[in-house]
Every structure is written in C-alpha cells, then in structure tokens.
>>> print(open('structure-v2.cif').read())   # mmCIF, C-alpha atoms
data_work
#
loop_
_atom_site.label_atom_id
_atom_site.label_comp_id
_atom_site.auth_asym_id
_atom_site.auth_seq_id
_atom_site.Cartn_x
_atom_site.Cartn_y
_atom_site.Cartn_z
CA MET H 1 -198.57 173.24 -32.87
CA PRO H 2 -202.08 173.45 -31.42
CA ILE H 3 -202.79 171.91 -28.05
CA ASN H 4 -205.56 169.79 -29.60
CA TYR H 5 -202.99 167.46 -31.19
CA PHE H 6 -201.37 166.79 -27.84
CA ILE H 7 -204.75 166.18 -26.21
CA PHE H 8 -205.82 163.69 -28.88
CA LEU H 9 -202.48 161.87 -28.71
CA ALA H 10 -202.64 161.67 -24.91
CA ILE H 11 -206.23 160.39 -25.03
CA ALA H 12 -205.26 157.74 -27.58
CA LEU H 13 -202.27 156.62 -25.50
CA PHE H 14 -204.34 156.52 -22.33
CA CYS H 15 -207.11 154.50 -24.00
CA ILE H 16 -204.58 152.00 -25.38
CA GLY H 17 -203.19 151.63 -21.86
CA VAL H 18 -206.63 151.09 -20.33
CA VAL H 19 -207.54 148.49 -22.93
CA GLY H 20 -204.23 146.73 -22.34
CA VAL H 21 -204.72 146.63 -18.58
CA LEU H 22 -208.27 145.31 -18.89
CA THR H 23 -207.66 142.69 -21.57
CA ARG H 24 -204.14 141.32 -21.07
CA ARG H 25 -203.28 138.54 -18.66
CA ASN H 26 -199.50 138.84 -18.63
CA VAL H 27 -198.33 140.88 -15.65
CA ILE H 28 -195.40 142.43 -17.51
CA ILE H 29 -197.67 143.72 -20.29
CA VAL H 30 -200.07 145.08 -17.66
CA PHE H 31 -197.20 147.04 -16.09
CA MET H 32 -196.20 148.35 -19.51
CA CYS H 33 -199.77 149.54 -20.11
CA ILE H 34 -199.81 151.29 -16.73
CA GLU H 35 -196.59 153.05 -17.70
CA LEU H 36 -198.20 154.04 -21.01
CA MET H 37 -201.08 155.65 -19.11
CA LEU H 38 -198.64 157.54 -16.89
CA ASN H 39 -196.77 158.78 -19.95
CA ALA H 40 -200.04 160.01 -21.47
CA VAL H 41 -200.67 162.07 -18.34
CA ASN H 42 -197.08 163.35 -18.48
CA LEU H 43 -197.59 164.44 -22.08
CA LEU H 44 -200.69 166.41 -21.11
CA LEU H 45 -198.97 168.06 -18.16
CA VAL H 46 -196.00 169.17 -20.25
CA ALA H 47 -198.26 170.35 -23.10
CA PHE H 48 -200.42 172.40 -20.74
CA SER H 49 -197.39 173.84 -18.97
CA LYS H 50 -196.05 175.15 -22.30
CA MET H 51 -199.29 177.03 -23.05
CA PRO H 52 -199.12 180.79 -22.54
CA HIS H 53 -200.67 181.91 -19.28
CA PRO H 54 -202.92 184.97 -19.07
CA VAL H 55 -201.38 187.98 -17.41
CA VAL H 56 -203.15 188.91 -14.18
CA ALA H 57 -203.27 192.61 -13.39
CA GLY H 58 -200.28 193.57 -11.30
CA GLN H 59 -198.51 190.20 -11.54
CA PRO H 60 -195.98 188.96 -14.07
CA ALA H 61 -196.88 186.19 -16.51
CA GLY H 62 -196.25 182.69 -15.18
CA THR H 63 -193.63 180.47 -16.74
CA GLY H 64 -195.60 177.24 -16.41
CA VAL H 65 -193.05 175.06 -14.63
CA GLU H 66 -195.64 173.54 -12.30
CA GLY H 67 -196.66 170.93 -14.86
CA GLN H 68 -193.06 169.98 -15.48
CA LEU H 69 -192.49 169.56 -11.74
CA PHE H 70 -195.48 167.22 -11.56
CA VAL H 71 -194.01 165.25 -14.47
CA PHE H 72 -190.75 164.88 -12.57
CA PHE H 73 -192.53 163.49 -9.52
CA ILE H 74 -194.66 161.16 -11.65
CA MET H 75 -191.50 159.80 -13.27
CA VAL H 76 -189.92 159.19 -9.86
CA VAL H 77 -193.02 157.34 -8.67
CA ALA H 78 -193.14 155.34 -11.92
CA ALA H 79 -189.51 154.30 -11.50
CA ALA H 80 -190.21 153.14 -7.96
CA GLU H 81 -193.32 151.31 -9.16
CA VAL H 82 -191.37 149.49 -11.85
CA SER H 83 -188.60 148.41 -9.50
CA VAL H 84 -191.02 147.08 -6.88
CA GLY H 85 -193.34 145.57 -9.49
CA LEU H 86 -190.57 143.75 -11.30
CA ALA H 87 -189.25 142.40 -7.99
CA ILE H 88 -192.72 141.04 -7.22
CA ILE H 89 -193.01 139.53 -10.71
CA VAL H 90 -189.62 137.83 -10.39
CA MET H 91 -190.55 136.35 -7.01
CA MET H 92 -193.92 135.23 -8.36
CA TYR H 93 -192.25 133.57 -11.33
CA ARG H 94 -189.73 131.81 -9.10
CA ASN H 95 -192.49 130.36 -6.95
CA THR H 96 -195.17 129.57 -9.55
CA HIS H 97 -193.31 129.51 -12.91
CA SER H 98 -196.06 131.69 -14.40
CA VAL H 99 -196.69 135.42 -14.87
CA ASP H 100 -200.42 135.03 -15.51
CA VAL H 101 -202.69 137.48 -13.68
CA ASN H 102 -205.43 134.87 -13.24
CA PHE H 103 -202.99 132.62 -11.39
CA LEU H 104 -202.78 135.24 -8.62
CA ASN H 105 -206.51 134.85 -7.95
CA ARG H 106 -205.98 131.11 -7.40
CA LEU H 107 -203.33 131.83 -4.77
CA LYS H 108 -205.98 133.36 -2.48
CA HIS H 109 -207.74 130.05 -1.85
#
>>> encode(input="structure-v2.cif", output="structure tokens")
Amino acid sequence: MPINYFIFLAIALFCIGVVGVLTRRNVIIVFMCIELMLNAVNLLLVAFSKMPHPVVAGQPAGTGVEGQLFVFFIMVVAAAEVSVGLAIIVMMYRNTHSVDVNFLNRLKH
C-alpha cells in the first residue's frame, strides 16, 4: 500500500479533530477531538517507520523502530491526559452542573 494513502487518511483525521476542537462547546467532545489528532500523528509515525530506509555506505539498513517508540510515548501521554482531563471534567460538572467550554470563561470573573 503506498504511503500516500496513509498521509491522506492522517490529514483527514487531523483536520476533523481540529474542526471539532474549534467548533464544539462540550468539553468531552473536545477531548475526543484532541485524541483523534494524536491518533492521526500516531498513524503517520507508524506509516513512516514501516517505509524502507536507504542503506548508508558501511552501515546496515535501519529497522525503523524509532517511529513506533514515539507512538508508544504519545499513547502514554494521551492516557495520562485523558485521566487528568476526565477528573477535571467530573469536578467541573459537580460544581457547575455543566460541561460547556464557554462556562469556564465565566468562572474567571
């Protein structure tokens, strides 16, 4: 399968995530869109790590595990983000009985 298909899919997923973050007001949906953007980046990293690497004179060909290691760390950070984010959302809902993003701006004043 050509790499172009993976690139177009990742761009589409990332754009859907950006549009969701910019247009939605529900905090849970905003978090889901952020996760969608992270998964688009993960897809690109794994796709690029599976591409054959050029052989440099005198050195063996690389296996391409660097991208997969980055994906692992991104997934760990995303899991931590979700746990902390959901804890904040639950506390916000307990105090305000709303998960609207615009309501957070009113809490500043």
>>> atom_distance(input="structure-v2.cif", atom1="CA of Val46 in chain H", atom2="CA of Gly67 in chain H")
5.7 Å
>>> residues_around(input="structure-v2.cif", residues="range 96-105 of chain H", least_positions_apart="3", cutoff="12 Å", atoms="all atoms listed in the file", output="MDAnalysis selection string")
chainID H and resid 21:31 85:86 88:93 108:109
>>> closest_residue(input="structure-v2.cif", among="H:Lys50, H:Asn95, H:Val77, H:Ala40", to="Ile3 in chain H", atoms="only C-alpha atoms")
H:Lys50
>>> resolve_selection(input="structure-v2.cif", expression="the PyMOL selection byres ((chain H and resi 1) around 12)", output="list of chain:residue names")
H:Pro2, H:Ile3, H:Asn4, H:Tyr5, H:Phe6, H:Ile7, H:Ala47, H:Lys50, H:Met51
>>> atom_distance(input="structure-v2.cif", atom1="CA of Ser49 in chain H", atom2="CA of Val65 in chain H")
6.3 Å
>>> residues_around(input="structure-v2.cif", residues="Ile11 in chain H", least_positions_apart="2", cutoff="12 Å", atoms="all atoms listed in the file", output="PyMOL selection string")
chain H and resi 4-9+13-18+36-44
>>> atom_distance(input="structure-v2.cif", atom1="CA of Ala80 in chain H", atom2="CA of Gly20 in chain H")
21.1 Å
